[in-house]
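Written below as structure tokens is the structure these notes are about.
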Amino acid sequence: MSDAGQDVRKGTGREAGRASDRETGQEPGKDAGTHPERAPRGQAHEPEQAREFALPLVVRLERGTPPHRTDALETAARAVLTLLADERSADGGEWSERVRSWEDTAIRKVVRRARGAEWRRAEALPGITVTGRTAEVRVFPPVPVGDWPRDLARLQVSGTELTDPEPPPAPAPAMPVMWLAPDLEMSAGKAMAQAAHGAQLAWWRLPDAARKRWREADFALAVRTASGVRQWSRLLECGLPVVRDAGYTEVAAGSVTVVADFAGLLDVDARG
């Protein structure tokens, strides 16, 4: 699944770029976004800027014990946040060049699945495994499109379908929520990438103190589907970051797939 999401970047107060991902192996479009805190093209990162990067995510999908859908979506979002906050992604870290090039072009994400020996081979590659209640997701530093590590490139992309045994409960008060559009049908793989997009856009918007609190809380968040048109319309009117699909797979171009509501993290500052 290939998508592009427009977002409101940290400190801009306006739509400022695009994010794209691929989950099903279909050929994606090319979308670019510029992060306001990144060096402009033509400076130190010109060689990397000429390359297109994607962020690999691998969900563990063992026969007989598949993760619950909502937990997989939340775990994927937390995995991306964990990588963004990792010291290896910071300036001077071993992943910083690739993360910076990826963020400065298109924050494309590719969700694959693995089990058994495939999962063990994936775990042997540099990355971070994040666990939820039922889900395990491993995130890897961005890789050039067309130059994936063999043990990731061979993993299946399409057909990642998951279910919830029962409807998830209402989100806890003040918890960040990635709200999914109520009128769109998305596969689990696509929805995982979309939820991760939303979490990343929220991370970019947060001040350092709120980021620190979120990190200390193990990036607790919820992914839920908006209850209907009325709630969805209210969310769209709040000026929150949105993920807007480019229409390469599953949904029509221009569809808003996720609204990232991170206001609870800021309310702590307001009450303090």
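Labels used: A, B, ... for chains in the order of the structure tokens, numbers from 1 for residues in each chain, and numbers from 1 for ligands as shown.
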
Compile a residue-level contact table for range 123-181 of chain A against range 84-92 of chain A at a cut-off of 12 Å, reporting for every qualifying residue the shortest atom pair and its distance in Å to one decimal, with only C-alpha atoms counted, rows ordered by chain and ascending number, as JSON lines.
{"residue": "A:Pro126", "atom": "CA", "partner": "A:Arg88", "partner_atom": "CA", "distance": 10.8}
{"residue": "A:Gly127", "atom": "CA", "partner": "A:Arg88", "partner_atom": "CA", "distance": 10.2}
{"residue": "A:Ile128", "atom": "CA", "partner": "A:Asp86", "partner_atom": "CA", "distance": 9.3}
{"residue": "A:Val139", "atom": "CA", "partner": "A:Leu84", "partner_atom": "CA", "distance": 10.4}
{"residue": "A:Phe140", "atom": "CA", "partner": "A:Leu84", "partner_atom": "CA", "distance": 10.8}
{"residue": "A:Pro141", "atom": "CA", "partner": "A:Ser89", "partner_atom": "CA", "distance": 8.2}
{"residue": "A:Pro142", "atom": "CA", "partner": "A:Ser89", "partner_atom": "CA", "distance": 10.3}

Saved selection, atoms kept: N, CA, C and O atoms, as a PDB file, in the first residue's frame:
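Written file, out_26.pdb:
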ATOM      1  N   PRO A 126      20.158  -4.937  12.779  1.00  0.00           N
ATOM      2  CA  PRO A 126      20.058  -3.758  13.653  1.00  0.00           C
ATOM      3  C   PRO A 126      18.656  -3.162  13.608  1.00  0.00           C
ATOM      4  O   PRO A 126      18.118  -2.898  12.530  1.00  0.00           O
ATOM      5  N   GLY A 127      18.088  -2.982  14.770  1.00  0.00           N
ATOM      6  CA  GLY A 127      16.752  -2.423  14.861  1.00  0.00           C
ATOM      7  C   GLY A 127      16.268  -2.466  16.300  1.00  0.00           C
ATOM      8  O   GLY A 127      17.044  -2.719  17.230  1.00  0.00           O
ATOM      9  N   ILE A 128      14.976  -2.220  16.486  1.00  0.00           N
ATOM     10  CA  ILE A 128      14.386  -2.167  17.820  1.00  0.00           C
ATOM     11  C   ILE A 128      13.078  -2.954  17.793  1.00  0.00           C
ATOM     12  O   ILE A 128      12.226  -2.703  16.930  1.00  0.00           O
ATOM     13  N   VAL A 139      11.229  -2.390  14.279  1.00  0.00           N
ATOM     14  CA  VAL A 139      11.465  -1.272  13.377  1.00  0.00           C
ATOM     15  C   VAL A 139      12.961  -1.181  13.108  1.00  0.00           C
ATOM     16  O   VAL A 139      13.786  -1.457  13.980  1.00  0.00           O
ATOM     17  N   PHE A 140      13.288  -0.826  11.894  1.00  0.00           N
ATOM     18  CA  PHE A 140      14.678  -0.765  11.451  1.00  0.00           C
ATOM     19  C   PHE A 140      15.003   0.641  10.964  1.00  0.00           C
ATOM     20  O   PHE A 140      14.106   1.367  10.523  1.00  0.00           O
ATOM     21  N   PRO A 141      16.256   1.046  11.020  1.00  0.00           N
ATOM     22  CA  PRO A 141      16.601   2.346  10.452  1.00  0.00           C
ATOM     23  C   PRO A 141      16.271   2.373   8.965  1.00  0.00           C
ATOM     24  O   PRO A 141      16.255   1.325   8.309  1.00  0.00           O
ATOM     25  N   PRO A 142      15.985   3.553   8.419  1.00  0.00           N
ATOM     26  CA  PRO A 142      15.599   3.636   7.010  1.00  0.00           C
ATOM     27  C   PRO A 142      16.629   2.999   6.090  1.00  0.00           C
ATOM     28  O   PRO A 142      17.836   3.041   6.344  1.00  0.00           O
TER      29      PRO A 142
END

For range 193-198 of chain A: contacts at 9 Å, only C-alpha atoms, fewer than 4 positions along chain excluded, given as a ChimeraX atom specification:
/A:3,5,7,19-23,57,73-81,107-111,178-180,188-189,202-203,223,241-243,245,257-261

Output file for the selection above: N, CA and C atoms, as a compact mmCIF listing (two decimals), in the first residue's frame:
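Result saved to selection.txt:
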# COMPACT_ATOMS: atom_id res chain seq x y z
N ASP A 3 1.09 5.35 0.25
CA ASP A 3 0.29 6.48 0.70
C ASP A 3 1.16 7.70 0.83
N GLY A 5 0.93 11.34 3.16
CA GLY A 5 0.15 12.05 4.15
C GLY A 5 0.61 13.47 4.27
N ASP A 7 0.85 16.87 6.41
CA ASP A 7 0.90 17.07 7.85
C ASP A 7 1.13 18.51 8.18
N ALA A 19 4.01 12.75 3.65
CA ALA A 19 4.62 11.52 4.16
C ALA A 19 4.09 10.39 3.32
N SER A 20 4.93 9.45 2.97
CA SER A 20 4.44 8.33 2.18
C SER A 20 4.92 7.02 2.75
N ASP A 21 4.18 5.94 2.46
CA ASP A 21 4.58 4.63 2.93
C ASP A 21 4.17 3.59 1.90
N ARG A 22 4.73 2.40 2.05
CA ARG A 22 4.33 1.29 1.20
C ARG A 22 4.24 0.05 2.06
N GLU A 23 3.09 -0.64 1.95
CA GLU A 23 2.95 -1.85 2.74
C GLU A 23 2.65 -3.08 1.91
N LEU A 57 9.14 -1.84 8.81
CA LEU A 57 8.47 -2.33 10.01
C LEU A 57 8.10 -3.78 9.75
N LEU A 73 -1.59 -2.09 15.59
CA LEU A 73 -1.53 -0.71 15.14
C LEU A 73 -0.83 0.18 16.17
N GLU A 74 -1.19 0.00 17.42
CA GLU A 74 -0.58 0.81 18.48
C GLU A 74 0.90 0.48 18.65
N THR A 75 1.24 -0.78 18.53
CA THR A 75 2.64 -1.18 18.70
C THR A 75 3.49 -0.66 17.55
N ALA A 76 2.96 -0.65 16.34
CA ALA A 76 3.69 -0.09 15.20
C ALA A 76 3.96 1.39 15.40
N ALA A 77 2.96 2.12 15.88
CA ALA A 77 3.15 3.55 16.12
C ALA A 77 4.19 3.78 17.21
N ARG A 78 4.13 2.99 18.27
CA ARG A 78 5.11 3.13 19.35
C ARG A 78 6.51 2.77 18.88
N ALA A 79 6.61 1.80 17.98
CA ALA A 79 7.92 1.40 17.46
C ALA A 79 8.57 2.55 16.70
N VAL A 80 7.80 3.25 15.88
CA VAL A 80 8.36 4.38 15.13
C VAL A 80 8.81 5.48 16.08
N LEU A 81 8.00 5.77 17.09
CA LEU A 81 8.39 6.78 18.06
C LEU A 81 9.66 6.38 18.81
N ILE A 107 8.50 10.36 4.42
CA ILE A 107 8.59 9.41 5.55
C ILE A 107 7.82 8.13 5.22
N ARG A 108 8.30 7.49 4.20
CA ARG A 108 7.67 6.30 3.67
C ARG A 108 7.89 5.12 4.63
N LYS A 109 6.87 4.31 4.82
CA LYS A 109 6.95 3.16 5.72
C LYS A 109 6.49 1.90 4.99
N VAL A 110 7.20 0.82 5.22
CA VAL A 110 6.86 -0.46 4.60
C VAL A 110 6.64 -1.48 5.71
N VAL A 111 5.43 -2.03 5.76
CA VAL A 111 5.08 -3.00 6.79
C VAL A 111 5.10 -4.40 6.17
N MET A 178 -4.55 8.23 17.99
CA MET A 178 -4.51 8.30 16.54
C MET A 178 -5.89 7.86 16.04
N TRP A 179 -6.69 8.82 15.61
CA TRP A 179 -8.06 8.54 15.20
C TRP A 179 -8.10 8.14 13.73
N LEU A 180 -8.65 6.97 13.44
CA LEU A 180 -8.81 6.50 12.08
C LEU A 180 -10.14 7.00 11.51
N ALA A 188 -4.86 -4.32 7.74
CA ALA A 188 -4.08 -4.10 8.96
C ALA A 188 -2.72 -3.49 8.64
N GLY A 189 -2.06 -3.96 7.57
CA GLY A 189 -0.76 -3.43 7.23
C GLY A 189 -0.80 -1.95 6.90
N ALA A 202 2.65 13.86 15.29
CA ALA A 202 2.45 14.38 16.65
C ALA A 202 3.79 14.63 17.33
N TRP A 203 4.72 13.70 17.19
CA TRP A 203 6.06 13.84 17.79
C TRP A 203 6.73 15.11 17.30
N VAL A 223 -5.03 3.78 19.35
CA VAL A 223 -5.51 3.91 17.98
C VAL A 223 -6.96 3.47 17.97
N PRO A 241 -2.59 17.48 13.46
CA PRO A 241 -1.95 16.88 12.29
C PRO A 241 -2.85 15.82 11.66
N VAL A 242 -2.86 15.79 10.35
CA VAL A 242 -3.64 14.79 9.62
C VAL A 242 -2.73 14.04 8.66
N VAL A 243 -3.08 12.81 8.37
CA VAL A 243 -2.42 12.02 7.34
C VAL A 243 -3.39 11.94 6.17
N ASP A 245 -4.08 10.61 2.32
CA ASP A 245 -3.62 9.55 1.42
C ASP A 245 -3.45 10.06 -0.01
N THR A 257 -6.79 9.81 6.41
CA THR A 257 -6.87 8.49 7.05
C THR A 257 -6.75 8.55 8.56
N VAL A 258 -5.98 9.52 9.08
CA VAL A 258 -5.70 9.61 10.51
C VAL A 258 -5.66 11.07 10.94
N VAL A 259 -6.21 11.33 12.10
CA VAL A 259 -6.00 12.59 12.81
C VAL A 259 -5.28 12.27 14.10
N ALA A 260 -4.16 12.95 14.34
CA ALA A 260 -3.33 12.69 15.53
C ALA A 260 -3.69 13.67 16.63
N ASP A 261 -4.38 13.18 17.65
CA ASP A 261 -4.80 14.01 18.79
C ASP A 261 -3.83 13.81 19.94

To one decimal in Å, tell me the separation between CA of Trp95 in chain A and CA of Val143 in chain A.
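That distance, rounded to one decimal, is 10.2 Å.
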
Closest to Asp151 in chain A among A:Gln231, A:Thr65, A:Pro56, A:Gly264, using only C-alpha atoms?
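Smallest separation from Asp151 in chain A among the options: A:Pro56.
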
Find the residues around range 59-62 of chain A up to 9 Å (only C-alpha atoms counted), leave out those fewer than 2 positions away in its own chain, and share them as number ranges by chain.
A: 57, 64-67, 72, 76, 111-116, 119, 135-139, 160, 189

DSSP alpha helix (DSSP H) residues within range 25-261 of chain A, as a ChimeraX atom specification:
/A:46-49,69-85,96-104,116-123,150-153,188-205,208-216,229-236

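Here CA of Leu265 in chain A and CA of Glu166 in chain A stand 27.8 Å from one another.
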